[in-house]
$ cat data_28.cif   # mmCIF, C-alpha atoms
data_protein
loop_
_atom_site.label_atom_id
_atom_site.label_comp_id
_atom_site.auth_asym_id
_atom_site.auth_seq_id
_atom_site.Cartn_x
_atom_site.Cartn_y
_atom_site.Cartn_z
CA MET A 1 50.28 -25.28 59.76
CA THR A 2 47.22 -23.63 61.30
CA PRO A 3 43.85 -23.54 59.49
CA GLY A 4 43.95 -19.77 59.12
CA GLY A 5 47.13 -19.78 57.07
CA ALA A 6 50.85 -19.57 57.67
CA GLY A 7 51.54 -18.24 61.12
CA VAL A 8 47.89 -17.49 61.86
CA ALA A 9 46.53 -18.80 65.13
CA GLN A 10 42.95 -19.94 64.94
CA ARG A 11 40.41 -21.27 67.40
CA HIS A 12 39.31 -24.83 66.81
CA ASP A 13 35.60 -23.93 66.81
CA GLN A 14 35.87 -21.02 64.37
CA PRO A 15 35.19 -21.21 60.63
CA THR A 16 38.09 -20.37 58.36
CA GLY A 17 38.26 -17.76 55.65
CA GLY A 18 37.79 -14.44 57.44
CA PRO A 19 38.79 -12.32 60.40
CA ALA A 20 37.07 -14.85 62.73
CA GLY A 21 39.63 -17.09 64.30
CA LEU A 22 42.48 -14.58 64.26
CA ILE A 23 42.95 -13.60 67.86
CA GLY A 24 44.66 -10.48 69.20
CA THR A 25 43.63 -7.39 71.15
CA GLY A 26 44.50 -4.58 73.55
CA TYR A 27 43.71 -0.90 73.72
CA GLU A 28 44.79 2.58 74.56
CA LEU A 29 42.73 5.72 74.34
CA GLY A 30 43.40 7.94 71.36
CA GLY A 31 42.35 8.70 67.80
CA ALA A 32 41.64 11.61 65.57
CA ARG A 33 38.59 13.74 66.20
CA GLY A 34 35.66 14.40 63.93
CA ALA A 35 35.47 11.07 62.11
CA ARG A 36 32.20 9.95 63.68
CA SER A 37 30.38 13.05 62.48
CA ALA A 38 32.03 12.82 59.07
CA VAL A 39 31.13 9.26 58.05
CA VAL A 40 27.66 7.97 58.80
CA ASP A 41 27.57 4.46 60.19
CA GLY A 42 26.70 1.26 58.36
CA PRO A 43 26.47 -0.95 56.42
CA TYR A 44 26.22 -4.09 58.64
CA GLY A 45 27.12 -7.03 56.48
CA GLY A 46 30.21 -5.75 54.66
CA ASP A 47 31.19 -2.59 52.91
CA ASP A 48 31.58 -2.39 49.20
CA GLY A 49 35.36 -2.46 49.25
CA THR A 50 36.91 -4.38 46.43
CA HIS A 51 38.78 -7.58 47.18
CA GLY A 52 42.30 -7.85 45.94
CA PRO A 53 45.69 -9.34 46.66
CA ASP A 54 47.63 -8.25 49.68
CA ASP A 55 49.76 -5.24 48.94
CA ALA A 56 52.38 -5.75 51.61
CA SER A 57 55.07 -5.77 48.95
CA ARG A 58 54.26 -2.21 47.88
CA GLY A 59 56.02 0.81 49.33
CA ARG A 60 55.04 2.07 52.77
CA ASP A 61 56.49 4.65 55.05
CA GLY A 62 57.83 4.10 58.55
CA ASP A 63 54.53 4.01 60.45
CA GLY A 64 53.02 1.29 58.30
CA ARG A 65 50.85 3.48 56.08
CA ARG A 66 51.22 4.01 52.37
CA PRO A 67 50.96 7.60 51.10
CA LEU A 68 48.66 8.56 48.28
CA MET A 69 50.01 7.52 44.92
CA THR A 70 50.29 10.82 43.10
CA HIS A 71 53.64 10.15 41.50
CA GLY A 72 54.87 7.50 39.18
CA SER A 73 55.34 4.12 40.80
CA ALA A 74 58.52 3.55 38.76
CA GLY A 75 59.80 7.08 39.21
CA ASP A 76 58.68 10.68 38.90
CA ASP A 77 58.79 10.78 35.15
CA GLY A 78 55.04 10.56 34.77
CA THR A 79 55.04 6.87 33.87
CA GLY A 80 52.94 4.28 35.63
CA PRO A 81 49.54 4.68 37.30
CA GLY A 82 50.76 7.42 39.64
CA GLY A 83 51.90 9.53 36.70
CA ASP A 84 48.54 9.04 35.01
CA ILE A 85 46.78 10.26 38.15
CA SER A 86 48.96 13.35 38.43
CA THR A 87 48.46 14.19 34.76
CA ALA A 88 44.69 13.74 34.98
CA LEU A 89 44.41 15.92 38.08
CA ALA A 90 46.61 18.65 36.66
CA ALA A 91 44.41 18.90 33.57
CA ARG A 92 41.22 19.54 35.60
CA THR A 93 40.11 22.01 38.21
CA ALA A 94 39.19 21.01 41.75
CA GLU A 95 35.61 22.05 41.04
CA GLU A 96 35.34 19.67 38.08
CA VAL A 97 36.63 16.66 40.05
CA LEU A 98 34.58 17.31 43.19
CA ALA A 99 31.41 18.24 41.33
CA GLY A 100 31.64 15.16 39.11
CA TYR A 101 32.01 12.83 42.09
CA LEU A 102 29.21 14.50 44.06
CA HIS A 103 26.91 14.44 41.02
CA GLN A 104 27.49 10.71 40.63
CA GLN A 105 26.84 9.88 44.28
CA SER A 106 23.77 12.12 44.39
CA ALA A 107 22.36 10.39 41.33
CA ASP A 108 22.94 7.02 43.02
CA PHE A 109 21.16 8.32 46.13
CA LEU A 110 18.11 9.42 44.17
CA ARG A 111 18.06 6.20 42.13
CA SER A 112 18.16 4.11 45.31
CA LEU A 113 15.39 6.21 46.80
CA ARG A 114 13.20 5.53 43.77
CA LEU A 115 13.90 1.80 43.97
CA HIS A 116 13.01 1.84 47.65
CA ARG A 117 9.65 3.45 46.93
CA GLU A 118 8.94 1.04 44.07
CA SER A 119 9.85 -2.06 46.11
CA GLY A 120 6.48 -2.03 47.88
CA SER A 121 6.04 -5.26 49.87
CA ASP A 122 9.34 -6.71 48.61
CA ALA A 123 11.35 -6.67 51.83
CA GLU A 124 14.53 -7.91 50.16
CA GLY A 125 14.35 -5.27 47.44
CA ALA A 126 13.66 -2.53 49.99
CA GLY A 127 16.62 -3.66 52.10
CA GLU A 128 18.98 -3.63 49.12
CA ALA A 129 17.75 -0.19 48.07
CA ALA A 130 18.30 1.10 51.62
CA ARG A 131 21.86 -0.25 51.60
CA GLN A 132 22.62 1.48 48.31
CA LEU A 133 21.07 4.70 49.63
CA ARG A 134 23.29 4.63 52.72
CA ARG A 135 26.29 3.80 50.54
CA ALA A 136 25.79 7.00 48.56
CA ALA A 137 25.04 9.01 51.71
CA ARG A 138 28.31 7.89 53.32
CA ARG A 139 30.34 9.00 50.32
CA ILE A 140 28.64 12.36 50.02
CA SER A 141 29.12 13.05 53.73
CA ALA A 142 32.77 11.92 53.72
CA THR A 143 33.60 14.00 50.64
CA LEU A 144 32.05 17.12 52.15
CA HIS A 145 34.08 16.54 55.32
CA THR A 146 37.48 15.77 53.75
CA PHE A 147 37.32 18.56 51.17
CA HIS A 148 35.51 20.97 53.46
CA PRO A 149 37.68 24.04 52.61
CA LEU A 150 36.54 23.79 48.97
CA THR A 151 32.80 23.81 49.78
CA GLU A 152 30.29 26.31 51.09
CA GLU A 153 30.81 25.44 54.74
CA ALA A 154 27.37 26.25 56.19
CA TRP A 155 25.57 24.28 53.48
CA ALA A 156 27.98 21.35 53.68
CA ASP A 157 27.74 21.08 57.48
CA GLN A 158 23.94 21.07 57.38
CA LEU A 159 23.76 18.40 54.69
CA ARG A 160 26.32 16.19 56.46
CA SER A 161 24.31 16.33 59.66
CA GLU A 162 21.07 15.40 57.92
CA LEU A 163 22.66 12.57 55.95
CA GLY A 164 24.04 11.16 59.19
CA TRP A 165 20.58 11.21 60.76
CA LEU A 166 18.98 9.51 57.76
CA SER A 167 21.61 6.81 57.30
CA GLY A 168 21.73 6.01 61.00
CA THR A 169 17.96 5.65 61.15
CA LEU A 170 17.85 3.34 58.15
CA ALA A 171 20.79 1.23 59.40
CA ARG A 172 19.21 0.18 62.71
CA GLU A 173 16.78 -2.34 61.24
CA GLN A 174 19.42 -4.20 59.28
CA ALA A 175 21.78 -4.03 62.26
CA CYS A 176 19.23 -5.79 64.49
CA ALA A 177 18.62 -8.47 61.85
CA ALA A 178 22.34 -9.07 61.31
CA ARG A 179 22.99 -9.17 65.06
CA ARG A 180 20.22 -11.72 65.61
CA GLU A 181 21.52 -13.94 62.81
CA ARG A 182 25.06 -13.71 64.15
CA LEU A 183 24.09 -14.63 67.72
CA MET A 184 21.83 -17.49 66.68
CA ALA A 185 24.60 -18.96 64.53
CA ALA A 186 27.10 -18.58 67.38
CA LEU A 187 24.77 -20.35 69.81
CA GLN A 188 24.31 -23.23 67.39
CA ARG A 189 28.06 -23.50 66.86
CA LEU A 190 28.88 -23.37 70.56
CA THR A 191 26.35 -26.06 71.49
CA GLY A 192 27.43 -28.30 68.60
CA ARG A 193 23.88 -29.08 67.53
CA GLY A 194 25.00 -29.96 64.04
CA GLU A 195 27.50 -32.59 65.29
CA ARG A 196 25.55 -34.54 67.90
CA PRO A 197 23.02 -36.20 65.56
CA ASP A 198 25.93 -37.52 63.49
CA ARG A 199 27.48 -39.19 66.53
CA SER A 200 24.18 -40.77 67.58
CA ASP A 201 23.51 -42.01 64.07
CA ARG A 202 27.01 -43.47 63.91
CA SER A 203 26.54 -45.31 67.21
CA ASP A 204 23.17 -46.63 66.05
CA ARG A 205 24.68 -47.97 62.85
CA GLN A 206 27.44 -49.69 64.81
CA SER A 207 24.98 -51.36 67.17
CA ARG A 208 22.53 -52.60 64.53
CA PRO A 209 24.60 -55.60 63.28
CA ASP A 210 24.99 -56.91 66.84
CA ARG A 211 21.27 -56.73 67.46
CA GLY A 212 20.55 -58.49 64.20
CA LYS A 213 22.63 -61.61 65.07
CA ARG A 214 20.45 -63.08 67.80
CA GLY A 215 21.93 -66.59 67.52
CA ASP A 216 25.44 -65.36 68.07
CA ARG A 217 24.36 -63.25 71.03
CA THR A 218 22.57 -66.21 72.67
CA THR A 219 25.51 -68.54 72.15
CA THR A 220 27.98 -66.10 73.58
CA SER A 221 25.80 -65.40 76.59
CA SER A 222 25.30 -69.08 77.41
CA ALA A 223 28.98 -69.85 76.99
CA THR A 224 30.41 -67.10 79.13
CA GLY A 225 27.62 -66.30 81.55
CA PRO A 226 27.68 -63.16 83.69
CA ALA A 227 31.28 -62.44 82.84
CA ALA A 228 30.36 -61.78 79.23
CA SER A 229 27.57 -59.47 80.33
CA THR A 230 29.95 -57.53 82.52
CA ALA A 231 32.54 -57.30 79.75
CA GLY A 232 29.92 -56.15 77.28
CA THR A 233 28.76 -53.46 79.65
CA SER A 234 32.30 -52.22 80.18
CA THR A 235 32.96 -52.25 76.43
CA ALA A 236 29.82 -50.28 75.73
CA THR A 237 30.71 -47.80 78.45
CA SER A 238 34.23 -47.28 77.14
CA SER A 239 33.02 -46.76 73.56
CA THR A 240 30.58 -44.02 74.59
CA PRO A 241 32.33 -40.66 75.16
CA ALA A 242 31.73 -39.11 78.54
CA ALA A 243 29.54 -36.03 78.48
CA ASP A 244 31.19 -32.79 79.49
CA PRO A 245 29.26 -31.17 82.38
CA ASP A 246 29.90 -27.72 80.92
CA ASP A 247 28.47 -28.81 77.58
CA GLY A 248 25.38 -30.10 79.33
CA ALA A 249 24.86 -26.83 81.19
CA LEU A 250 25.39 -24.87 78.00
CA ALA A 251 22.93 -27.01 76.05
CA ALA A 252 20.36 -26.69 78.83
CA GLY A 253 20.39 -22.90 78.73
CA ALA A 254 21.07 -22.35 75.03
CA ALA A 255 17.46 -22.85 73.95
CA ARG A 256 16.11 -20.33 76.44
CA ALA A 257 18.97 -17.94 75.74
CA GLY A 258 18.22 -18.12 72.02
CA ALA A 259 14.52 -17.51 72.64
CA LEU A 260 15.31 -14.51 74.86
CA LEU A 261 17.69 -12.98 72.30
CA ASP A 262 15.25 -13.65 69.48
CA ARG A 263 12.46 -11.91 71.36
CA GLN A 264 14.56 -8.87 72.29
CA LEU A 265 16.21 -8.39 68.89
CA THR A 266 12.98 -8.98 66.97
CA LEU A 267 11.30 -6.31 69.08
CA ALA A 268 14.21 -3.94 68.45
CA ARG A 269 14.04 -4.64 64.72
CA THR A 270 10.30 -3.97 64.66
CA ARG A 271 10.81 -0.64 66.40
CA ALA A 272 13.66 0.24 64.02
CA HIS A 273 11.46 -0.60 61.04
CA SER A 274 8.69 1.65 62.34
CA ALA A 275 11.20 4.46 62.95
CA ALA A 276 12.56 4.09 59.41
CA LEU A 277 9.10 4.26 57.87
CA GLN A 278 8.29 7.31 59.98
CA ALA A 279 11.54 8.98 58.96
CA LEU A 280 10.98 8.33 55.25
CA GLY A 281 7.57 9.99 55.46
CA SER A 282 8.68 13.03 57.44
CA SER A 283 9.22 16.55 56.17
CA ARG A 284 12.79 16.36 57.40
CA PHE A 285 13.53 13.52 55.00
CA HIS A 286 11.94 15.36 52.09
CA ALA A 287 14.19 18.33 52.85
CA VAL A 288 17.23 16.03 52.71
CA ALA A 289 16.07 14.55 49.40
CA ASP A 290 15.59 18.05 47.97
CA SER A 291 19.12 19.03 49.01
CA VAL A 292 20.58 15.92 47.39
CA ALA A 293 18.55 16.63 44.24
CA VAL A 294 20.11 20.08 44.09
CA LEU A 295 23.53 18.51 44.61
CA ALA A 296 22.92 16.17 41.68
CA SER A 297 22.76 19.11 39.30
CA GLU A 298 24.78 21.85 40.98
CA ALA A 299 27.37 21.36 43.71
CA PRO A 300 27.66 24.42 45.99
CA LEU A 301 31.44 24.73 46.05
CA ALA A 302 33.66 27.60 47.08
CA ARG A 303 35.06 30.00 44.48
CA THR A 304 38.58 28.73 45.13
CA ALA A 305 37.58 25.29 43.84
CA ALA A 306 37.12 26.71 40.36
CA GLU A 307 40.35 28.69 40.48
CA ARG A 308 42.75 25.93 41.60
CA SER A 309 43.79 22.80 39.75
CA ALA A 310 42.76 19.45 41.15
CA GLY A 311 46.38 18.32 41.40
CA GLU A 312 47.18 21.29 43.62
CA ALA A 313 44.07 21.41 45.85
CA LEU A 314 42.85 17.82 46.35
CA PRO A 315 45.91 15.64 47.22
CA PRO A 316 46.93 17.69 50.31
CA LEU A 317 43.44 17.36 51.78
CA ALA A 318 43.36 13.63 51.06
CA GLU A 319 46.82 13.25 52.61
CA GLN A 320 45.55 15.04 55.70
CA ALA A 321 42.76 12.49 56.07
CA HIS A 322 45.27 9.65 55.72
CA ARG A 323 47.60 11.30 58.22
CA GLN A 324 44.78 11.47 60.78
CA LEU A 325 44.17 7.77 60.20
CA ALA A 326 47.85 6.94 60.74
CA GLU A 327 47.90 8.95 63.98
CA ALA A 328 44.80 7.17 65.28
CA VAL A 329 46.24 3.76 64.41
CA ALA A 330 49.51 4.69 66.14
CA ALA A 331 47.54 5.10 69.38
CA LEU A 332 46.29 1.51 69.13
CA PRO A 333 48.34 -1.24 70.82
CA LEU A 334 48.94 -3.19 67.64
CA SER A 335 52.07 -4.79 69.09
CA ARG A 336 49.96 -6.43 71.78
CA ALA A 337 47.12 -7.19 69.39
CA GLY A 338 49.61 -9.16 67.33
CA TYR A 339 49.78 -11.86 70.00
CA PRO A 340 46.99 -14.45 69.68
CA TYR A 341 44.79 -15.25 72.70
CA ASN A 342 45.99 -12.39 74.88
CA ALA A 343 42.47 -12.15 76.37
CA ALA A 344 42.63 -8.37 76.80
CA ALA A 345 39.42 -7.89 74.81
CA LEU A 346 37.33 -10.27 76.92
CA SER A 347 36.25 -7.47 79.23
CA ALA A 348 33.44 -5.47 77.68
CA ASP A 349 34.43 -1.84 78.12
CA GLN A 350 33.13 0.99 75.97
CA ARG A 351 36.43 2.83 76.40
CA GLN A 352 38.30 -0.17 75.04
CA ASP A 353 36.32 -0.45 71.80
CA ALA A 354 35.90 3.27 71.08
CA PRO A 355 39.40 3.90 69.62
CA TRP A 356 38.96 0.97 67.23
CA HIS A 357 35.56 2.28 66.12
CA GLN A 358 37.16 5.68 65.54
CA VAL A 359 39.84 4.11 63.36
CA ARG A 360 37.11 2.37 61.33
CA MET A 361 35.55 5.74 60.59
CA LEU A 362 38.91 7.21 59.59
CA VAL A 363 39.63 4.26 57.31
CA ARG A 364 36.47 5.09 55.42
CA LEU A 365 37.37 8.76 55.19
CA SER A 366 40.75 7.90 53.71
CA ARG A 367 39.34 5.33 51.28
CA TYR A 368 36.59 7.63 50.05
CA ALA A 369 39.11 10.44 49.58
CA ARG A 370 41.12 8.15 47.31
CA GLU A 371 37.96 7.36 45.35
CA VAL A 372 37.53 11.05 44.59
CA ILE A 373 41.10 11.51 43.36
CA ALA A 374 41.67 8.16 41.65
CA PRO A 375 38.48 6.09 41.38
CA GLU A 376 40.10 3.60 39.01
CA TYR A 377 42.91 2.77 41.48
CA ALA A 378 41.24 1.37 44.60
CA ASP A 379 43.36 0.83 47.71
CA THR A 380 42.79 -2.85 48.53
CA ARG A 381 44.72 -2.50 51.78
CA LEU A 382 42.29 0.09 53.12
CA ALA A 383 39.36 -2.06 51.99
CA GLU A 384 40.76 -5.10 53.85
CA ALA A 385 41.38 -3.00 56.96
CA GLY A 386 37.83 -1.67 56.78
CA ARG A 387 36.38 -5.17 56.58
CA ALA A 388 38.37 -6.30 59.63
CA LEU A 389 37.16 -3.31 61.63
CA GLU A 390 33.57 -3.86 60.55
CA TRP A 391 33.91 -7.41 61.85
CA HIS A 392 35.22 -5.87 65.07
CA ARG A 393 32.20 -3.58 65.29
CA ASP A 394 29.72 -6.41 64.65
CA ALA A 395 31.32 -8.69 67.26
CA ALA A 396 31.47 -5.93 69.88
CA GLU A 397 27.81 -5.04 69.39
CA ALA A 398 26.77 -8.70 69.46
CA ALA A 399 28.65 -9.16 72.73
CA ALA A 400 26.88 -6.10 74.15
CA ALA A 401 23.51 -7.59 73.12
CA ALA A 402 24.35 -10.88 74.89
CA ALA A 403 25.40 -8.98 78.02
CA ALA A 404 22.20 -6.93 77.97
CA ALA A 405 20.12 -10.09 77.68
CA ALA A 406 21.98 -11.61 80.64
CA ARG A 407 20.88 -8.66 82.77
CA THR A 408 17.22 -9.55 82.23
CA PRO A 409 15.57 -10.03 85.65
CA ARG A 410 14.55 -13.49 86.87
CA ILE A 411 16.24 -15.61 84.20
CA ALA A 412 17.34 -19.15 84.98
CA PRO A 413 20.99 -19.76 85.94
CA ALA A 414 21.46 -22.04 82.92
CA THR A 415 20.21 -19.28 80.63
CA ALA A 416 22.57 -16.75 82.20
CA TYR A 417 25.44 -19.22 81.83
CA ALA A 418 24.72 -19.72 78.11
CA LEU A 419 24.58 -15.97 77.58
CA GLY A 420 27.89 -15.58 79.40
CA VAL A 421 29.55 -18.15 77.16
CA LEU A 422 28.07 -16.41 74.13
CA HIS A 423 29.38 -13.05 75.34
CA ALA A 424 32.88 -14.46 75.82
CA ASP A 425 32.77 -16.02 72.35
CA GLN A 426 31.94 -12.70 70.73
CA ARG A 427 34.68 -10.92 72.67
CA HIS A 428 37.09 -13.54 71.31
CA GLU A 429 35.89 -12.50 67.87
CA VAL A 430 36.73 -8.92 68.80
CA GLU A 431 40.28 -10.11 69.44
CA ALA A 432 40.23 -11.91 66.11
CA ALA A 433 39.29 -8.75 64.24
CA ARG A 434 42.00 -6.71 65.96
CA PHE A 435 44.60 -9.33 65.12
CA ALA A 436 43.44 -9.37 61.49
CA PHE A 437 43.58 -5.57 61.26
CA GLY A 438 47.12 -5.53 62.59
CA ARG A 439 48.22 -8.07 59.99
CA VAL A 440 46.73 -5.93 57.23
CA TRP A 441 48.05 -2.60 58.47
CA LEU A 442 51.54 -3.28 59.75
CA PRO A 443 54.33 -3.86 57.23
CA ARG A 444 55.49 -7.44 56.96
CA THR A 445 59.18 -8.05 57.61
CA PRO A 446 60.71 -10.42 55.07
CA GLU A 447 61.72 -13.82 56.38
CA ARG A 448 65.43 -14.45 56.70
CA LYS A 449 66.88 -17.08 54.43
CA SER A 450 68.78 -19.81 56.21
#
$ encode --input "data_28.cif" --output "structure tokens"
Amino acid sequence: MTPGGAGVAQRHDQPTGGPAGLIGTGYELGGARGARSAVVDGPYGGDDGTHGPDDASRGRDGDGRRPLMTHGSAGDDGTGPGGDISTALAARTAEEVLAGYLHQQSADFLRSLRLHRESGSDAEGAGEAARQLRRAARRISATLHTFHPLTEEAWADQLRSELGWLSGTLAREQACAARRERLMAALQRLTGRGERPDRSDRSDRQSRPDRGKRGDRTTTSSATGPAASTAGTSTATSSTPAADPDDGALAAGAARAGALLDRQLTLARTRAHSAALQALGSSRFHAVADSVAVLASEAPLARTAAERSAGEALPPLAEQAHRQLAEAVAALPLSRAGYPYNAAALSADQRQDAPWHQVRMLVRLSRYAREVIAPEYADTRLAEAGRALEWHRDAAEAAAAAAAAARTPRIAPATAYALGVLHADQRHEVEAARFAFGRVWLPRTPERKS
């Protein structure tokens, strides 16, 4: 049984309990269009998807996706959670459902903005407020994109563009901090700094009793002469593990590689912090805040939103978002990604990662659309898929940072070697995330009974 669970291949140097350690990759170009402009990026450190049991036992259609649950799970008689959703949507207009959701997210945006201003010198409080602000901005932007035919299009397009600018600007600082922490932890794990002191302490403890018995050592030496000395030397040599030359080269360059990455990422974080402060004090930001304040009290929706029932207008648009997600996933080579250690993701290629990033955006669009229609019935499968793809994004960007540091002029060969090992390690994590996503998305075939 592997550490990652039944049938899960896992690297020996990876921690358990997450997408890390699940290896699998591959790519083909493809994916639906428009997702990147619809969902602003973030949040670096995990989305707010709810954890829950795996839903592989629930119904799914042929391409591995599960359609929106707008009918009864036990039938179409209106019983079960699906029947409750259909009844609730039929009793309300599309304007009531959309306006209520947008009002809630706009209020969260304004509340987070107030907390950010009141945080002052509290960096932790300001960071949490910025995360909550981006969380609300993502949902507002995604809702305006998915249900675009029911909104005033010119106003919705302008607000989506401005929310994307704001959230992207605020996300850069936290992204640099998370990337630095990730790379420093990976360097420490790869060099085994936490294990070597334990081995030296253990060898010291084993040698102390022999040094303490001077009489025995003298007697043995005088009795056996040089032969005992030679035997003792050979015994000591055999008990000491031979050092791996690769480990020595990695340890020699790891310190300088860590210092170089720390310097570059700290500088990038400082610049991102200055850009965020400048953005929050600009007239452009105040215009965005004013638009969200208007949205908190009055949502500019089309006239058709007030004339159509929510059950008639909203589910088809949400299904369209989910269909785009299924088409983008179908373009991914999940059959190849299902094989551990296929090494196809070790080459850093922007064209290779782009389709997976696109799917991550579409996963969010689909999940947020479900929140609008049925906020009390979260799709845990989409949340798990989103977490795996966020892990994919973080690993890919960390690998790119290691590769950029390796291109620094006039660095020592040992430093370049350590950065190369670090880059390969993060690309292995990219494979792990792809393998984990495939296990979440694809339907599981039941095991045959012998």
$ atom_distance --input "data_28.cif" --atom1 "CA of Arg138 (chain A)" --atom2 "CA of Arg364 (chain A)"
8.9 Å
$ resolve_selection --input "data_28.cif" --expression "the PyMOL selection byres ((chain A and resi 251-254) around 6)" --output "ChimeraX atom specification"
/A:191,248-250,255-258,414-415,418
$ residues_near_point --input "data_28.cif" --point "(12.3, 9.0, 55.8)" --cutoff "12 Å" --atoms "only C-alpha atoms" --output "VMD selection string"
chain A and resid 113 116 to 117 130 133 162 to 163 165 to 170 273 to 289
$ write_last_selection --input "data_28.cif" --atoms "C-alpha atoms" --output "JSON list (two decimals), keeping the file's coordinate frame"
[["chain", "number", "residue", "atom", "x", "y", "z"],
["A", 113, "LEU", "CA", 15.39, 6.21, 46.80],
["A", 116, "HIS", "CA", 13.01, 1.84, 47.65],
["A", 117, "ARG", "CA", 9.65, 3.45, 46.93],
["A", 130, "ALA", "CA", 18.30, 1.10, 51.62],
["A", 133, "LEU", "CA", 21.07, 4.70, 49.63],
["A", 162, "GLU", "CA", 21.07, 15.40, 57.92],
["A", 163, "LEU", "CA", 22.66, 12.57, 55.95],
["A", 165, "TRP", "CA", 20.58, 11.21, 60.76],
["A", 166, "LEU", "CA", 18.98, 9.51, 57.76],
["A", 167, "SER", "CA", 21.61, 6.81, 57.30],
["A", 168, "GLY", "CA", 21.73, 6.01, 61.00],
["A", 169, "THR", "CA", 17.96, 5.65, 61.15],
["A", 170, "LEU", "CA", 17.85, 3.34, 58.15],
["A", 273, "HIS", "CA", 11.46, -0.60, 61.04],
["A", 274, "SER", "CA", 8.69, 1.65, 62.34],
["A", 275, "ALA", "CA", 11.20, 4.46, 62.95],
["A", 276, "ALA", "CA", 12.56, 4.09, 59.41],
["A", 277, "LEU", "CA", 9.10, 4.26, 57.87],
["A", 278, "GLN", "CA", 8.29, 7.31, 59.98],
["A", 279, "ALA", "CA", 11.54, 8.98, 58.96],
["A", 280, "LEU", "CA", 10.98, 8.33, 55.25],
["A", 281, "GLY", "CA", 7.57, 9.99, 55.46],
["A", 282, "SER", "CA", 8.68, 13.03, 57.44],
["A", 283, "SER", "CA", 9.22, 16.55, 56.17],
["A", 284, "ARG", "CA", 12.79, 16.36, 57.40],
["A", 285, "PHE", "CA", 13.53, 13.52, 55.00],
["A", 286, "HIS", "CA", 11.94, 15.36, 52.09],
["A", 287, "ALA", "CA", 14.19, 18.33, 52.85],
["A", 288, "VAL", "CA", 17.23, 16.03, 52.71],
["A", 289, "ALA", "CA", 16.07, 14.55, 49.40]]
$ atom_distance --input "data_28.cif" --atom1 "CA of Leu382 (chain A)" --atom2 "CA of Glu181 (chain A)"
26.9 Å
$ closest_residue --input "data_28.cif" --among "A:Arg407, A:Ala432, A:Ala331, A:Ala171" --to "Leu261 (chain A)" --atoms "all atoms listed in the file"
A:Arg407
$ decode --input "data_28.cif" --residues "region 116-125 of chain A" --atoms "N, CA, C and O atoms" --output "compact mmCIF listing (two decimals), in the first residue's frame"
# COMPACT_ATOMS: atom_id res chain seq x y z
N HIS A 116 -9.73 46.38 5.55
CA HIS A 116 -8.38 46.64 5.03
C HIS A 116 -7.92 48.04 5.43
O HIS A 116 -6.74 48.24 5.80
N ARG A 117 -8.79 49.00 5.37
CA ARG A 117 -8.41 50.37 5.75
C ARG A 117 -8.19 50.49 7.25
O ARG A 117 -7.33 51.25 7.69
N GLU A 118 -8.95 49.73 8.04
CA GLU A 118 -8.82 49.80 9.48
C GLU A 118 -7.67 48.97 10.03
O GLU A 118 -7.32 49.10 11.20
N SER A 119 -7.08 48.10 9.18
CA SER A 119 -6.00 47.23 9.67
C SER A 119 -4.74 48.02 10.02
O SER A 119 -3.98 47.61 10.90
N GLY A 120 -4.50 49.14 9.34
CA GLY A 120 -3.34 49.96 9.64
C GLY A 120 -2.04 49.21 9.43
O GLY A 120 -1.74 48.72 8.35
N SER A 121 -1.23 49.12 10.50
CA SER A 121 0.07 48.45 10.42
C SER A 121 -0.02 46.94 10.62
O SER A 121 1.01 46.26 10.62
N ASP A 122 -1.21 46.41 10.83
CA ASP A 122 -1.39 44.97 11.01
C ASP A 122 -1.31 44.29 9.65
O ASP A 122 -2.29 44.25 8.90
N ALA A 123 -0.13 43.74 9.33
CA ALA A 123 0.07 43.13 8.01
C ALA A 123 -0.80 41.89 7.84
O ALA A 123 -1.35 41.66 6.76
N GLU A 124 -0.94 41.10 8.90
CA GLU A 124 -1.76 39.89 8.80
C GLU A 124 -3.22 40.23 8.57
O GLU A 124 -3.90 39.60 7.75
N GLY A 125 -3.72 41.23 9.30
CA GLY A 125 -5.11 41.64 9.11
C GLY A 125 -5.35 42.22 7.73
O GLY A 125 -6.39 41.96 7.11
